[in-house]
file final.cif (mmCIF, C-alpha atoms and all ligand atoms)
data_protein
#
loop_
_atom_site.group_PDB
_atom_site.id
_atom_site.type_symbol
_atom_site.label_atom_id
_atom_site.label_comp_id
_atom_site.auth_asym_id
_atom_site.auth_seq_id
_atom_site.Cartn_x
_atom_site.Cartn_y
_atom_site.Cartn_z
ATOM 1 C CA MET A 1 47.433 65.772 54.044
ATOM 2 C CA ILE A 2 44.429 66.811 51.971
ATOM 3 C CA PRO A 3 42.065 63.841 51.585
ATOM 4 C CA THR A 4 40.814 62.754 48.188
ATOM 5 C CA ILE A 5 37.143 62.011 48.586
ATOM 6 C CA LEU A 6 34.694 59.882 46.600
ATOM 7 C CA ILE A 7 31.017 60.562 47.226
ATOM 8 C CA LEU A 8 28.624 57.787 46.240
ATOM 9 C CA GLY A 9 25.075 59.043 45.753
ATOM 10 C CA ALA A 10 26.250 62.627 45.269
ATOM 11 C CA GLY A 11 23.129 63.598 43.331
ATOM 12 C CA GLY A 12 20.798 63.010 46.263
ATOM 13 C CA GLN A 13 19.419 65.351 48.897
ATOM 14 C CA ILE A 14 22.393 65.156 51.277
ATOM 15 C CA GLY A 15 25.041 64.156 48.724
ATOM 16 C CA SER A 16 24.572 67.247 46.589
ATOM 17 C CA GLU A 17 25.073 69.730 49.426
ATOM 18 C CA LEU A 18 27.832 67.705 51.040
ATOM 19 C CA THR A 19 29.725 67.613 47.738
ATOM 20 C CA GLU A 20 29.458 71.391 47.440
ATOM 21 C CA LYS A 21 30.731 71.878 50.994
ATOM 22 C CA LEU A 22 33.595 69.385 50.680
ATOM 23 C CA ARG A 23 34.651 70.971 47.374
ATOM 24 C CA THR A 24 34.818 74.345 49.128
ATOM 25 C CA ILE A 25 36.901 72.917 51.978
ATOM 26 C CA TYR A 26 39.301 70.616 50.106
ATOM 27 C CA GLY A 27 39.212 71.970 46.543
ATOM 28 C CA SER A 28 37.105 70.639 43.681
ATOM 29 C CA ASN A 29 39.752 68.279 42.347
ATOM 30 C CA HIS A 30 39.893 66.486 45.682
ATOM 31 C CA VAL A 31 36.182 65.650 45.693
ATOM 32 C CA ILE A 32 34.913 63.156 43.121
ATOM 33 C CA ALA A 33 31.139 63.170 42.881
ATOM 34 C CA SER A 34 29.403 60.044 41.640
ATOM 35 C CA ASP A 35 25.887 58.797 41.140
ATOM 36 C CA ILE A 36 24.012 56.276 39.068
ATOM 37 C CA ARG A 37 22.942 59.138 36.747
ATOM 38 C CA ASN A 38 24.537 62.393 35.687
ATOM 39 C CA ASN A 39 21.496 64.649 35.650
ATOM 40 C CA ASN A 40 22.727 67.146 38.233
ATOM 41 C CA THR A 41 24.517 69.777 36.129
ATOM 42 C CA GLN A 42 25.912 71.657 39.110
ATOM 43 C CA LEU A 43 27.718 68.522 40.360
ATOM 44 C CA VAL A 44 28.983 67.486 36.965
ATOM 45 C CA THR A 45 30.371 70.918 36.115
ATOM 46 C CA SER A 46 31.850 71.909 39.494
ATOM 47 C CA GLY A 47 34.473 69.126 39.675
ATOM 48 C CA PRO A 48 35.215 65.514 38.757
ATOM 49 C CA PHE A 49 32.128 63.339 38.232
ATOM 50 C CA GLU A 50 31.804 59.596 37.547
ATOM 51 C CA ILE A 51 28.792 57.379 36.967
ATOM 52 C CA ILE A 52 28.943 54.589 39.569
ATOM 53 C CA ASP A 53 26.443 52.002 40.733
ATOM 54 C CA ALA A 54 27.148 51.968 44.483
ATOM 55 C CA THR A 55 26.501 48.211 44.687
ATOM 56 C CA ASP A 56 29.308 47.489 42.193
ATOM 57 C CA LYS A 57 32.477 47.018 44.222
ATOM 58 C CA GLU A 58 34.744 46.697 41.175
ATOM 59 C CA ALA A 59 33.374 49.916 39.665
ATOM 60 C CA ILE A 60 34.018 51.761 42.943
ATOM 61 C CA LEU A 61 37.523 50.315 43.185
ATOM 62 C CA THR A 62 38.375 51.387 39.634
ATOM 63 C CA ILE A 63 37.536 54.993 40.503
ATOM 64 C CA VAL A 64 39.351 54.771 43.856
ATOM 65 C CA LYS A 65 42.512 53.752 41.992
ATOM 66 C CA LYS A 66 42.026 56.239 39.151
ATOM 67 C CA TYR A 67 41.990 59.243 41.501
ATOM 68 C CA GLY A 68 43.942 57.904 44.507
ATOM 69 C CA VAL A 69 40.841 58.204 46.694
ATOM 70 C CA THR A 70 41.506 58.140 50.455
ATOM 71 C CA GLN A 71 37.955 58.550 51.831
ATOM 72 C CA ILE A 72 34.522 57.362 50.715
ATOM 73 C CA TYR A 73 31.239 58.963 51.760
ATOM 74 C CA LEU A 74 28.433 56.510 50.982
ATOM 75 C CA LEU A 75 25.197 58.479 50.555
ATOM 76 C CA ALA A 76 23.373 56.196 48.118
ATOM 77 C CA ALA A 77 20.354 54.562 49.782
ATOM 78 C CA MET A 78 16.683 53.786 49.414
ATOM 79 C CA LEU A 79 14.720 55.617 52.116
ATOM 80 C CA SER A 80 11.975 54.423 54.451
ATOM 81 C CA ALA A 81 8.731 54.997 52.562
ATOM 82 C CA VAL A 82 9.853 53.787 49.139
ATOM 83 C CA GLY A 83 11.755 50.936 50.816
ATOM 84 C CA GLU A 84 8.445 49.537 52.084
ATOM 85 C CA LYS A 85 7.298 49.274 48.465
ATOM 86 C CA PHE A 86 10.483 47.533 47.304
ATOM 87 C CA PRO A 87 11.849 45.692 50.370
ATOM 88 C CA GLN A 88 14.339 43.443 48.545
ATOM 89 C CA LYS A 89 15.654 46.284 46.400
ATOM 90 C CA ALA A 90 16.064 48.505 49.472
ATOM 91 C CA TRP A 91 17.948 45.808 51.348
ATOM 92 C CA ASN A 92 20.141 45.066 48.339
ATOM 93 C CA LEU A 93 21.074 48.682 47.628
ATOM 94 C CA ASN A 94 21.571 49.682 51.265
ATOM 95 C CA MET A 95 23.567 46.607 52.326
ATOM 96 C CA THR A 96 25.532 45.657 49.213
ATOM 97 C CA SER A 97 26.868 49.195 48.849
ATOM 98 C CA LEU A 98 27.938 49.362 52.494
ATOM 99 C CA LEU A 99 29.692 45.982 52.451
ATOM 100 C CA ALA A 100 31.453 46.908 49.192
ATOM 101 C CA VAL A 101 32.806 50.129 50.696
ATOM 102 C CA LEU A 102 33.766 48.505 54.007
ATOM 103 C CA ASP A 103 35.640 45.796 52.095
ATOM 104 C CA ILE A 104 37.517 48.392 50.052
ATOM 105 C CA ALA A 105 38.574 49.989 53.354
ATOM 106 C CA LYS A 106 39.473 46.614 54.868
ATOM 107 C CA GLU A 107 41.702 45.944 51.842
ATOM 108 C CA LYS A 108 43.451 49.269 52.635
ATOM 109 C CA HIS A 109 42.627 50.974 49.349
ATOM 110 C CA ILE A 110 41.180 53.885 51.379
ATOM 111 C CA ASN A 111 41.623 54.980 54.984
ATOM 112 C CA GLN A 112 38.275 56.474 56.050
ATOM 113 C CA VAL A 113 34.584 55.788 55.479
ATOM 114 C CA TYR A 114 31.476 57.844 56.192
ATOM 115 C CA TRP A 115 28.106 56.106 56.207
ATOM 116 C CA PRO A 116 24.855 57.548 57.547
ATOM 117 C CA SER A 117 22.479 55.693 59.806
ATOM 118 C CA SER A 118 19.095 57.131 60.771
ATOM 119 C CA ILE A 119 16.460 57.519 63.455
ATOM 120 C CA ALA A 120 14.786 54.721 61.468
ATOM 121 C CA ALA A 121 17.147 52.281 63.212
ATOM 122 C CA PHE A 122 14.901 52.742 66.258
ATOM 123 C CA GLY A 123 11.479 51.147 66.417
ATOM 124 C CA PRO A 124 8.107 51.061 68.181
ATOM 125 C CA THR A 125 9.562 49.594 71.393
ATOM 126 C CA THR A 126 12.287 52.258 71.704
ATOM 127 C CA PRO A 127 11.734 54.907 74.422
ATOM 128 C CA LYS A 128 10.351 57.860 72.437
ATOM 129 C CA ILE A 129 11.412 60.874 74.457
ATOM 130 C CA ASN A 130 15.102 61.771 74.543
ATOM 131 C CA THR A 131 15.937 58.416 73.005
ATOM 132 C CA PRO A 132 19.301 57.360 74.454
ATOM 133 C CA GLN A 133 22.384 56.422 72.440
ATOM 134 C CA GLN A 134 22.122 52.836 73.638
ATOM 135 C CA THR A 135 18.589 51.536 73.926
ATOM 136 C CA ILE A 136 16.060 49.016 72.613
ATOM 137 C CA MET A 137 16.281 48.947 68.814
ATOM 138 C CA GLU A 138 13.654 46.862 67.034
ATOM 139 C CA PRO A 139 13.071 48.665 63.700
ATOM 140 C CA SER A 140 9.898 47.860 61.777
ATOM 141 C CA THR A 141 10.845 49.119 58.277
ATOM 142 C CA VAL A 142 13.246 47.515 55.802
ATOM 143 C CA TYR A 143 15.137 50.803 55.725
ATOM 144 C CA GLY A 144 15.445 50.720 59.522
ATOM 145 C CA ILE A 145 16.539 47.072 59.508
ATOM 146 C CA SER A 146 19.211 47.923 56.930
ATOM 147 C CA LYS A 147 20.403 50.882 59.016
ATOM 148 C CA LEU A 148 20.602 48.888 62.248
ATOM 149 C CA SER A 149 22.386 45.990 60.520
ATOM 150 C CA GLY A 150 24.685 48.479 58.810
ATOM 151 C CA GLU A 151 25.603 50.032 62.150
ATOM 152 C CA PHE A 152 26.711 46.644 63.426
ATOM 153 C CA TRP A 153 28.660 45.930 60.242
ATOM 154 C CA CYS A 154 30.494 49.244 60.674
ATOM 155 C CA ASN A 155 31.338 48.372 64.254
ATOM 156 C CA TYR A 156 32.419 44.872 63.209
ATOM 157 C CA TYR A 157 34.779 46.144 60.497
ATOM 158 C CA HIS A 158 36.219 48.624 62.961
ATOM 159 C CA GLU A 159 36.783 46.056 65.709
ATOM 160 C CA LYS A 160 37.942 43.231 63.514
ATOM 161 C CA TYR A 161 39.863 44.961 60.735
ATOM 162 C CA GLY A 162 40.612 48.418 62.142
ATOM 163 C CA VAL A 163 38.475 50.196 59.525
ATOM 164 C CA ASP A 164 38.062 53.886 60.401
ATOM 165 C CA VAL A 165 34.341 54.165 59.723
ATOM 166 C CA ARG A 166 32.227 56.964 61.188
ATOM 167 C CA SER A 167 28.480 57.364 61.249
ATOM 168 C CA LEU A 168 25.596 59.587 62.350
ATOM 169 C CA ARG A 169 21.988 58.650 62.995
ATOM 170 C CA TYR A 170 20.439 61.466 60.959
ATOM 171 C CA PRO A 171 17.024 62.745 61.953
ATOM 172 C CA GLY A 172 14.736 64.022 59.138
ATOM 173 C CA ILE A 173 16.909 66.359 57.060
ATOM 174 C CA ILE A 174 15.298 69.543 55.774
ATOM 175 C CA SER A 175 16.688 71.285 52.722
ATOM 176 C CA TRP A 176 15.539 73.567 49.926
ATOM 177 C CA LYS A 177 18.171 73.048 47.201
ATOM 178 C CA THR A 178 17.640 69.362 46.397
ATOM 179 C CA LYS A 179 14.465 67.557 47.440
ATOM 180 C CA PRO A 180 14.600 64.203 49.209
ATOM 181 C CA GLY A 181 12.816 61.233 47.697
ATOM 182 C CA GLY A 182 10.893 58.445 49.341
ATOM 183 C CA GLY A 183 11.287 59.361 53.005
ATOM 184 C CA THR A 184 8.745 59.663 55.812
ATOM 185 C CA THR A 185 10.106 63.026 56.918
ATOM 186 C CA ASP A 186 9.852 64.502 53.382
ATOM 187 C CA TYR A 187 6.662 66.401 54.243
ATOM 188 C CA ALA A 188 8.806 68.892 56.154
ATOM 189 C CA VAL A 189 10.591 69.784 52.890
ATOM 190 C CA ASP A 190 7.568 69.708 50.548
ATOM 191 C CA ILE A 191 5.592 71.987 52.857
ATOM 192 C CA PHE A 192 7.938 74.912 52.074
ATOM 193 C CA PHE A 193 7.244 74.638 48.339
ATOM 194 C CA SER A 194 3.495 74.994 49.007
ATOM 195 C CA ALA A 195 4.225 77.864 51.373
ATOM 196 C CA ILE A 196 6.022 79.980 48.756
ATOM 197 C CA GLU A 197 3.102 79.413 46.366
ATOM 198 C CA GLN A 198 0.771 80.512 49.201
ATOM 199 C CA THR A 199 -1.314 77.372 48.635
ATOM 200 C CA ASN A 200 -2.684 74.693 50.923
ATOM 201 C CA PHE A 201 -0.406 71.801 51.872
ATOM 202 C CA GLU A 202 -1.937 68.353 52.281
ATOM 203 C CA CYS A 203 0.132 66.556 54.897
ATOM 204 C CA PHE A 204 0.427 62.766 54.942
ATOM 205 C CA LEU A 205 1.225 62.699 58.680
ATOM 206 C CA SER A 206 -1.178 63.688 61.460
ATOM 207 C CA LYS A 207 -0.957 67.174 62.968
ATOM 208 C CA ASP A 208 0.588 65.934 66.227
ATOM 209 C CA SER A 209 3.238 63.544 64.835
ATOM 210 C CA CYS A 210 6.414 64.744 66.470
ATOM 211 C CA LEU A 211 9.714 63.794 64.804
ATOM 212 C CA PRO A 212 13.367 64.762 65.274
ATOM 213 C CA MET A 213 14.561 66.996 62.418
ATOM 214 C CA MET A 214 17.674 68.902 61.357
ATOM 215 C CA TYR A 215 18.420 71.658 58.854
ATOM 216 C CA MET A 216 20.761 70.653 56.032
ATOM 217 C CA GLU A 217 23.404 73.209 57.091
ATOM 218 C CA ASP A 218 23.705 71.442 60.452
ATOM 219 C CA ALA A 219 23.629 67.968 58.891
ATOM 220 C CA VAL A 220 26.497 68.872 56.558
ATOM 221 C CA ASP A 221 28.465 70.471 59.403
ATOM 222 C CA ALA A 222 27.963 67.426 61.644
ATOM 223 C CA THR A 223 29.174 65.154 58.854
ATOM 224 C CA VAL A 224 32.288 67.207 58.140
ATOM 225 C CA GLN A 225 32.971 67.558 61.866
ATOM 226 C CA ILE A 226 32.803 63.844 62.678
ATOM 227 C CA MET A 227 35.051 63.061 59.692
ATOM 228 C CA GLN A 228 37.596 65.696 60.743
ATOM 229 C CA ALA A 229 37.680 64.594 64.394
ATOM 230 C CA LYS A 230 40.725 62.691 65.622
ATOM 231 C CA SER A 231 40.193 58.940 65.467
ATOM 232 C CA GLU A 232 40.510 58.568 69.249
ATOM 233 C CA GLN A 233 37.612 61.015 69.754
ATOM 234 C CA ILE A 234 35.289 58.639 67.931
ATOM 235 C CA LYS A 235 34.361 56.238 70.684
ATOM 236 C CA ILE A 236 31.185 54.907 69.088
ATOM 237 C CA ARG A 237 31.637 52.929 65.893
ATOM 238 C CA THR A 238 28.047 51.894 65.383
ATOM 239 C CA SER A 239 26.537 55.362 64.886
ATOM 240 C CA TYR A 240 26.097 58.567 66.904
ATOM 241 C CA ASN A 241 22.744 60.069 67.896
ATOM 242 C CA VAL A 242 22.604 63.690 66.690
ATOM 243 C CA SER A 243 19.775 66.069 67.325
ATOM 244 C CA ALA A 244 18.781 69.643 66.485
ATOM 245 C CA MET A 245 14.995 70.230 66.758
ATOM 246 C CA ASN A 246 11.731 68.324 67.118
ATOM 247 C CA PHE A 247 8.366 69.432 65.814
ATOM 248 C CA THR A 248 4.937 68.321 64.617
ATOM 249 C CA PRO A 249 3.371 69.268 61.254
ATOM 250 C CA LYS A 250 1.061 71.621 63.141
ATOM 251 C CA GLU A 251 3.986 73.417 64.795
ATOM 252 C CA LEU A 252 5.869 73.713 61.499
ATOM 253 C CA ALA A 253 2.773 75.083 59.736
ATOM 254 C CA LYS A 254 2.312 77.667 62.505
ATOM 255 C CA GLU A 255 5.926 78.770 62.152
ATOM 256 C CA ILE A 256 5.533 79.144 58.377
ATOM 257 C CA GLN A 257 2.301 81.129 58.843
ATOM 258 C CA GLN A 258 4.253 83.780 60.762
ATOM 259 C CA HIS A 259 5.935 84.588 57.431
ATOM 260 C CA VAL A 260 3.213 83.505 54.974
ATOM 261 C CA PRO A 261 -0.179 84.222 56.614
ATOM 262 C CA LYS A 262 -2.100 82.854 53.601
ATOM 263 C CA PHE A 263 -0.481 79.428 53.919
ATOM 264 C CA SER A 264 -2.767 76.637 55.156
ATOM 265 C CA ILE A 265 -2.424 72.939 55.971
ATOM 266 C CA THR A 266 -4.847 70.008 55.838
ATOM 267 C CA TYR A 267 -4.231 66.389 56.749
ATOM 268 C CA LYS A 268 -4.713 63.210 54.753
ATOM 269 C CA ILE A 269 -2.917 60.441 56.566
ATOM 270 C CA ASP A 270 -1.415 57.543 54.623
ATOM 271 C CA TYR A 271 0.806 54.480 55.238
ATOM 272 C CA ARG A 272 3.730 56.683 56.268
ATOM 273 C CA GLN A 273 1.960 57.504 59.549
ATOM 274 C CA VAL A 274 2.734 54.012 60.898
ATOM 275 C CA ILE A 275 6.401 54.522 60.043
ATOM 276 C CA ALA A 276 6.477 57.920 61.761
ATOM 277 C CA ASP A 277 4.740 56.465 64.817
ATOM 278 C CA SER A 278 7.516 53.884 65.164
ATOM 279 C CA TRP A 279 10.263 56.534 65.409
ATOM 280 C CA PRO A 280 11.374 58.693 68.369
ATOM 281 C CA ASP A 281 9.916 62.133 69.176
ATOM 282 C CA SER A 282 13.264 63.457 70.404
ATOM 283 C CA ILE A 283 16.866 62.285 70.643
ATOM 284 C CA ASP A 284 19.546 62.438 73.343
ATOM 285 C CA ASP A 285 22.758 63.382 71.537
ATOM 286 C CA SER A 286 24.961 63.960 74.596
ATOM 287 C CA LYS A 287 27.586 61.427 73.442
ATOM 288 C CA ALA A 288 28.191 63.292 70.171
ATOM 289 C CA ARG A 289 28.450 66.541 72.132
ATOM 290 C CA GLU A 290 30.929 65.040 74.615
ATOM 291 C CA ASP A 291 33.077 63.014 72.215
ATOM 292 C CA TRP A 292 33.595 65.355 69.261
ATOM 293 C CA GLY A 293 31.926 68.627 70.204
ATOM 294 C CA TRP A 294 28.663 68.433 68.253
ATOM 295 C CA SER A 295 26.226 71.314 68.615
ATOM 296 C CA PRO A 296 23.578 72.472 66.104
ATOM 297 C CA ASN A 297 23.099 76.069 64.947
ATOM 298 C CA TYR A 298 19.532 76.039 63.660
ATOM 299 C CA THR A 299 16.285 76.098 65.622
ATOM 300 C CA LEU A 300 12.880 75.686 63.983
ATOM 301 C CA SER A 301 12.332 79.444 63.691
ATOM 302 C CA LYS A 302 15.833 80.216 62.378
ATOM 303 C CA MET A 303 15.564 77.427 59.809
ATOM 304 C CA THR A 304 12.071 78.427 58.643
ATOM 305 C CA LYS A 305 13.168 82.015 58.107
ATOM 306 C CA ASP A 306 16.280 80.939 56.213
ATOM 307 C CA ILE A 307 14.454 78.515 53.904
ATOM 308 C CA LEU A 308 11.661 80.951 53.054
ATOM 309 C CA GLU A 309 14.121 83.775 52.376
ATOM 310 C CA ASN A 310 16.159 81.558 50.091
ATOM 311 C CA LEU A 311 13.177 80.134 48.204
ATOM 312 C CA LEU A 312 11.542 83.520 47.766
ATOM 313 C CA THR A 313 14.672 85.160 46.363
ATOM 314 C CA GLN A 314 15.564 82.333 43.991
HETATM 315 N N1 LIG A 401 14.490 60.897 56.392
HETATM 316 C C1 LIG A 401 14.522 59.466 56.403
HETATM 317 C C2 LIG A 401 13.230 58.894 55.984
HETATM 318 O O1 LIG A 401 12.231 59.528 56.215
HETATM 319 C C3 LIG A 401 14.868 58.978 57.770
HETATM 320 O O2 LIG A 401 16.218 58.702 57.825
HETATM 321 O O3 LIG A 401 13.188 57.815 55.467
#
call {"tool": "encode", "arguments": {"input": "final.cif", "output": "structure tokens", "more": "lines below"}}
Ligand code: SER
result
Amino acid sequence: MIPTILILGAGGQIGSELTEKLRTIYGSNHVIASDIRNNNTQLVTSGPFEIIDATDKEAILTIVKKYGVTQIYLLAAMLSAVGEKFPQKAWNLNMTSLLAVLDIAKEKHINQVYWPSSIAAFGPTTPKINTPQQTIMEPSTVYGISKLSGEFWCNYYHEKYGVDVRSLRYPGIISWKTKPGGGTTDYAVDIFFSAIEQTNFECFLSKDSCLPMMYMEDAVDATVQIMQAKSEQIKIRTSYNVSAMNFTPKELAKEIQQHVPKFSITYKIDYRQVIADSWPDSIDDSKAREDWGWSPNYTLSKMTKDILENLLTQ
């Protein structure tokens, strides 16, 4: 049976590309995009669109019933850096929306939920290299606390009420179509926009800050893949580690310079450095590989080439 999908936060960095992909796979009429605003023309014109505040359970339920929605992808969230400026707001948005969606699934209005966790669920005491699936998790940002709590809520709803909820711990996601907002890994997107202008990029992280990253193509594929897997393949109901590449700002700049020799980078570290320092350098994603066949397609060099080609021919 073809699922009918509701995407909450469809106008965001991941939501916009995921909506496009899901509309290609299942047909536009089966994918209802929603966001708090309707300023993304592509989304609004390429299929059904509804304005929804993701913290409003009744509003979500109305749309679920209107379209006969069977799956919800919850992509609305406040990210790490902006979350530190508005801790209560971040907690409220990130948690209220998740509990609303999990309740709708518990009440059997829908049969599947996707919710992303993040490398931010780890913290300064977590082993940094090849961070295992199960390890010490003591997050130091509000965003990270909301992701770790959310993981346990997902697991709880699965164990207690049989909710089929699936989740990935996304690394920094790099895209060129829609920019992220308010994240610590955002430098790795912004840098490409300086590169195509052949200008200097001022980086807010230090040159040797290594972080796990993933190209949007892989992030979208991983998301579709985990949602299409058979339920019995999904053995982890908190959230799966997934990994693709790890690099520092210096390494990314060097890669870009292979294509744009005039590009340069300077460093002006701000409060986001402390957040980056609390996250892993690299991730062990062997469980995702074993359980549902995860494997990324993009390396740093393949991704850099692809982004620059796309941005330069736009
Ligand atoms: N990209 C996110 C952030 O930087 C991490 O999940 O906040």
call {"tool": "closest_residue", "arguments": {"input": "final.cif", "among": "A:Ile60, A:Val274, A:Leu312, A:Ala219", "to": "Tyr298 in chain A", "atoms": "all atoms listed in the file"}}
result
A:Ala219
call {"tool": "residues_around", "arguments": {"input": "final.cif", "residues": "Tyr267 in chain A", "least_positions_apart": "5", "cutoff": "12 Å", "atoms": "all atoms listed in the file", "output": "list in words"}}
result
Tyr187, Ile191, Asn200, Phe201, Glu202, Cys203, Phe204, Leu205, Ser206, Lys207, Asp208, Ser209, Pro249, Lys250, Ala253 and Gln273 of chain A
call {"tool": "axis_aligned_box", "arguments": {"input": "final.cif", "around": "range 93-109 of chain A", "padding_each_side": "3 Å", "output": "AutoDock Vina command-line options"}}
result
--center_x 32.3 --center_y 48.3 --center_z 51.2 --size_x 28.4 --size_y 11.3 --size_z 13.2
call {"tool": "atom_distance", "arguments": {"input": "final.cif", "atom1": "CA of Arg237 in chain A", "atom2": "CA of Glu159 in chain A"}}
result
8.6 Å
call {"tool": "residues_near_ligand", "arguments": {"input": "final.cif", "ligand": "ligand LIG 401 (chain A)", "cutoff": "9 Å", "atoms": "all atoms listed in the file", "output": "number ranges by chain"}}
result
A: 78-83, 116-121, 143-144, 147, 169-174, 180-186, 213, 272, 275-276
call {"tool": "atom_distance", "arguments": {"input": "final.cif", "atom1": "CA of Met95 in chain A", "atom2": "CA of Ala288 in chain A"}}
result
24.9 Å
call {"tool": "residues_around", "arguments": {"input": "final.cif", "residues": "Leu22 in chain A", "least_positions_apart": "6", "cutoff": "10 Å", "atoms": "all atoms listed in the file", "output": "JSON, numbers by chain"}}
result
{"A": [5, 7, 28, 30, 31, 32, 220, 224]}
call {"tool": "build_atoms", "arguments": {"input": "final.cif", "residues": "range 242-249 of chain A", "atoms": "all heavy atoms", "output": "PDB file, keeping the file's coordinate frame"}}
result
ATOM      1  N   VAL A 242      22.440  62.229  66.808  1.00  0.00           N
ATOM      2  CA  VAL A 242      22.604  63.690  66.690  1.00  0.00           C
ATOM      3  C   VAL A 242      21.211  64.314  66.622  1.00  0.00           C
ATOM      4  O   VAL A 242      20.294  63.734  66.041  1.00  0.00           O
ATOM      5  CB  VAL A 242      23.423  64.142  65.453  1.00  0.00           C
ATOM      6  CG1 VAL A 242      24.911  64.030  65.690  1.00  0.00           C
ATOM      7  CG2 VAL A 242      23.024  63.393  64.186  1.00  0.00           C
ATOM      8  N   SER A 243      21.090  65.465  67.244  1.00  0.00           N
ATOM      9  CA  SER A 243      19.775  66.069  67.325  1.00  0.00           C
ATOM     10  C   SER A 243      19.864  67.575  67.140  1.00  0.00           C
ATOM     11  O   SER A 243      20.903  68.186  67.425  1.00  0.00           O
ATOM     12  CB  SER A 243      19.220  65.730  68.717  1.00  0.00           C
ATOM     13  OG  SER A 243      18.104  66.513  68.993  1.00  0.00           O
ATOM     14  N   ALA A 244      18.792  68.179  66.638  1.00  0.00           N
ATOM     15  CA  ALA A 244      18.781  69.643  66.485  1.00  0.00           C
ATOM     16  C   ALA A 244      17.440  70.236  66.914  1.00  0.00           C
ATOM     17  O   ALA A 244      17.393  71.195  67.666  1.00  0.00           O
ATOM     18  CB  ALA A 244      19.085  70.020  65.044  1.00  0.00           C
ATOM     19  N   MET A 245      16.334  69.696  66.424  1.00  0.00           N
ATOM     20  CA  MET A 245      14.995  70.230  66.758  1.00  0.00           C
ATOM     21  C   MET A 245      13.972  69.106  66.619  1.00  0.00           C
ATOM     22  O   MET A 245      14.237  68.092  65.967  1.00  0.00           O
ATOM     23  CB  MET A 245      14.643  71.381  65.809  1.00  0.00           C
ATOM     24  CG  MET A 245      14.620  70.964  64.365  1.00  0.00           C
ATOM     25  SD  MET A 245      14.291  72.320  63.210  1.00  0.00           S
ATOM     26  CE  MET A 245      15.918  72.897  62.793  1.00  0.00           C
ATOM     27  N   ASN A 246      12.835  69.285  67.251  1.00  0.00           N
ATOM     28  CA  ASN A 246      11.731  68.324  67.118  1.00  0.00           C
ATOM     29  C   ASN A 246      10.476  69.136  66.913  1.00  0.00           C
ATOM     30  O   ASN A 246      10.276  70.125  67.598  1.00  0.00           O
ATOM     31  CB  ASN A 246      11.528  67.509  68.402  1.00  0.00           C
ATOM     32  CG  ASN A 246      12.853  67.120  69.015  1.00  0.00           C
ATOM     33  OD1 ASN A 246      13.615  66.377  68.412  1.00  0.00           O
ATOM     34  ND2 ASN A 246      13.144  67.656  70.202  1.00  0.00           N
ATOM     35  N   PHE A 247       9.637  68.725  65.971  1.00  0.00           N
ATOM     36  CA  PHE A 247       8.366  69.432  65.814  1.00  0.00           C
ATOM     37  C   PHE A 247       7.321  68.545  65.146  1.00  0.00           C
ATOM     38  O   PHE A 247       7.645  67.505  64.565  1.00  0.00           O
ATOM     39  CB  PHE A 247       8.561  70.737  65.036  1.00  0.00           C
ATOM     40  CG  PHE A 247       9.201  70.566  63.674  1.00  0.00           C
ATOM     41  CD1 PHE A 247       8.480  70.062  62.604  1.00  0.00           C
ATOM     42  CD2 PHE A 247      10.537  70.921  63.476  1.00  0.00           C
ATOM     43  CE1 PHE A 247       9.068  69.909  61.352  1.00  0.00           C
ATOM     44  CE2 PHE A 247      11.130  70.763  62.222  1.00  0.00           C
ATOM     45  CZ  PHE A 247      10.389  70.257  61.165  1.00  0.00           C
ATOM     46  N   THR A 248       6.067  68.996  65.255  1.00  0.00           N
ATOM     47  CA  THR A 248       4.937  68.321  64.617  1.00  0.00           C
ATOM     48  C   THR A 248       4.580  69.112  63.347  1.00  0.00           C
ATOM     49  O   THR A 248       4.950  70.292  63.228  1.00  0.00           O
ATOM     50  CB  THR A 248       3.712  68.326  65.547  1.00  0.00           C
ATOM     51  OG1 THR A 248       3.321  69.697  65.746  1.00  0.00           O
ATOM     52  CG2 THR A 248       4.015  67.685  66.901  1.00  0.00           C
ATOM     53  N   PRO A 249       3.817  68.512  62.435  1.00  0.00           N
ATOM     54  CA  PRO A 249       3.371  69.268  61.254  1.00  0.00           C
ATOM     55  C   PRO A 249       2.622  70.541  61.652  1.00  0.00           C
ATOM     56  O   PRO A 249       2.797  71.595  61.026  1.00  0.00           O
ATOM     57  CB  PRO A 249       2.446  68.277  60.537  1.00  0.00           C
ATOM     58  CG  PRO A 249       2.993  66.937  60.896  1.00  0.00           C
ATOM     59  CD  PRO A 249       3.467  67.074  62.320  1.00  0.00           C
TER      60      PRO A 249
END
